[in-house]
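See structure below.
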Amino acid sequence: MARVTTTQADLWHHYGRARADSDRSVPPAFSWVWAQDAGPGAEILGDVTGLVVADLGAGAARHAAHLATRHAPARVDAIDSSVGQHAMAHDLYGHLAPRLRTVHADAVAHLDRHPGSYDVLYSVFGSLDFSNPRRLLPTAARALRPGGLLVASTLGHYLGGKPAETDVQHAEIPARTPDGDAATMPRWVLQETVWTKLLDEAGFTRISIDRLPPAVPGPRSADTLLLRAHRPS
């Protein structure tokens, strides 16, 4: 069957469904690394007690559920543009409302409608990977309150070892439509210097990027880049 690219079908429809069928629990830990098996946890976000937080590209909202139940934020908005992922998140964790709110929306569009609304924004291989950073990052900066924090984890290189891009360009990666047809979607895998420049141009300050190697190297393992930046106070 020929591969087609589409912007209409829900290309995340199948993602995480097998796990959702067998695991409805709130994760006991929060992990930033690609394999979700090691590294720093929610402490990277600082003390979120009483704060308004958003997970950009939340998927099934497992990270958001962990924060909502174990770190006492005022609210976590789990934002995802996928119909299927939003429905899965609501089914798994809708009972955690109002502290956890599942939001079906494109991250850029949602943030653009809510300037100055969030104390913390984060993305765990979510919207930062799959949205044009020249659109997402300036909108994220505006959506944060003064002094607000953006944290994101993204691939340090392509799966399989190909180096990250030295310019702001994306690759087309395989995906599937709800009917199972082959498709592609864009993914941004950029070097540290490129992310630093983009964050600076978007108006962020106190920018830092850490490279976290996999705990267990393998053919599908990957380094994780952990990005942190603040909106100026």
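Chain lettering (A, B, ...) mirrors the order of the structure tokens, residue numbering begins at 1 for each chain separately, and ligand numbering begins at 1 in order of display.
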
Determine which residues of stretch 29-233 of chain A receive a DSSP assignment of strand (DSSP E or B), computed from the backbone, and state them as a VMD selection string. chain A and resid 52 to 56 75 to 80 100 to 104 118 to 124 144 to 155 157 163 165 171 to 176 182 to 187 190 205 to 212 224 to 230

Out of A:Ala61, A:Leu128, A:Ile209, A:Val194, which residue has the shortest atom-to-atom distance to A:Arg101 when counting only C-alpha atoms?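 Of all the options, A:Ala61 lies closest to A:Arg101.
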
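Residues in contact range of A:Leu56, defined as at most 7 Å between only C-alpha atoms, with sequence neighbours fewer than 2 positions away removed, read Ala54, Ala58, Ala78, Ile79, Asp80, Ala107, Tyr122, Ser123, Gly126 and Ser127 of chain A.
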
Per residue of stretch 75-127 of chain A within 8 Å of stretch 146-167 of chain A, which atom pair is closest and at what distance in Å (one decimal), using only C-alpha atoms, listed by chain and increasing number, as CSV?
```
residue,atom,partner,partner_atom,distance
A:Gly116,CA,A:Pro146,CA,7.6
A:Tyr118,CA,A:Gly148,CA,7.2
A:Asp119,CA,A:Gly148,CA,4.8
A:Val120,CA,A:Leu149,CA,4.8
A:Leu121,CA,A:Leu150,CA,4.8
A:Tyr122,CA,A:Val151,CA,4.7
A:Ser123,CA,A:Ala152,CA,4.5
A:Val124,CA,A:Ser153,CA,5.0
A:Phe125,CA,A:Thr154,CA,5.1
```

Write the residues you've just listed into a file as a short mmCIF file (atom, residue, chain, number, x, y, z; two decimals), in the first residue's frame, and include C-alpha atoms for each of them.
```cif
data_model
loop_
_atom_site.label_atom_id
_atom_site.label_comp_id
_atom_site.auth_asym_id
_atom_site.auth_seq_id
_atom_site.Cartn_x
_atom_site.Cartn_y
_atom_site.Cartn_z
CA GLY A 116 -0.25 34.90 30.54
CA TYR A 118 0.37 29.38 32.93
CA ASP A 119 3.12 29.17 35.51
CA VAL A 120 4.74 26.08 34.00
CA LEU A 121 4.63 24.50 30.55
CA TYR A 122 6.23 21.15 29.80
CA SER A 123 6.51 18.64 26.97
CA VAL A 124 7.75 15.05 27.24
CA PHE A 125 8.47 14.11 23.62
#
```
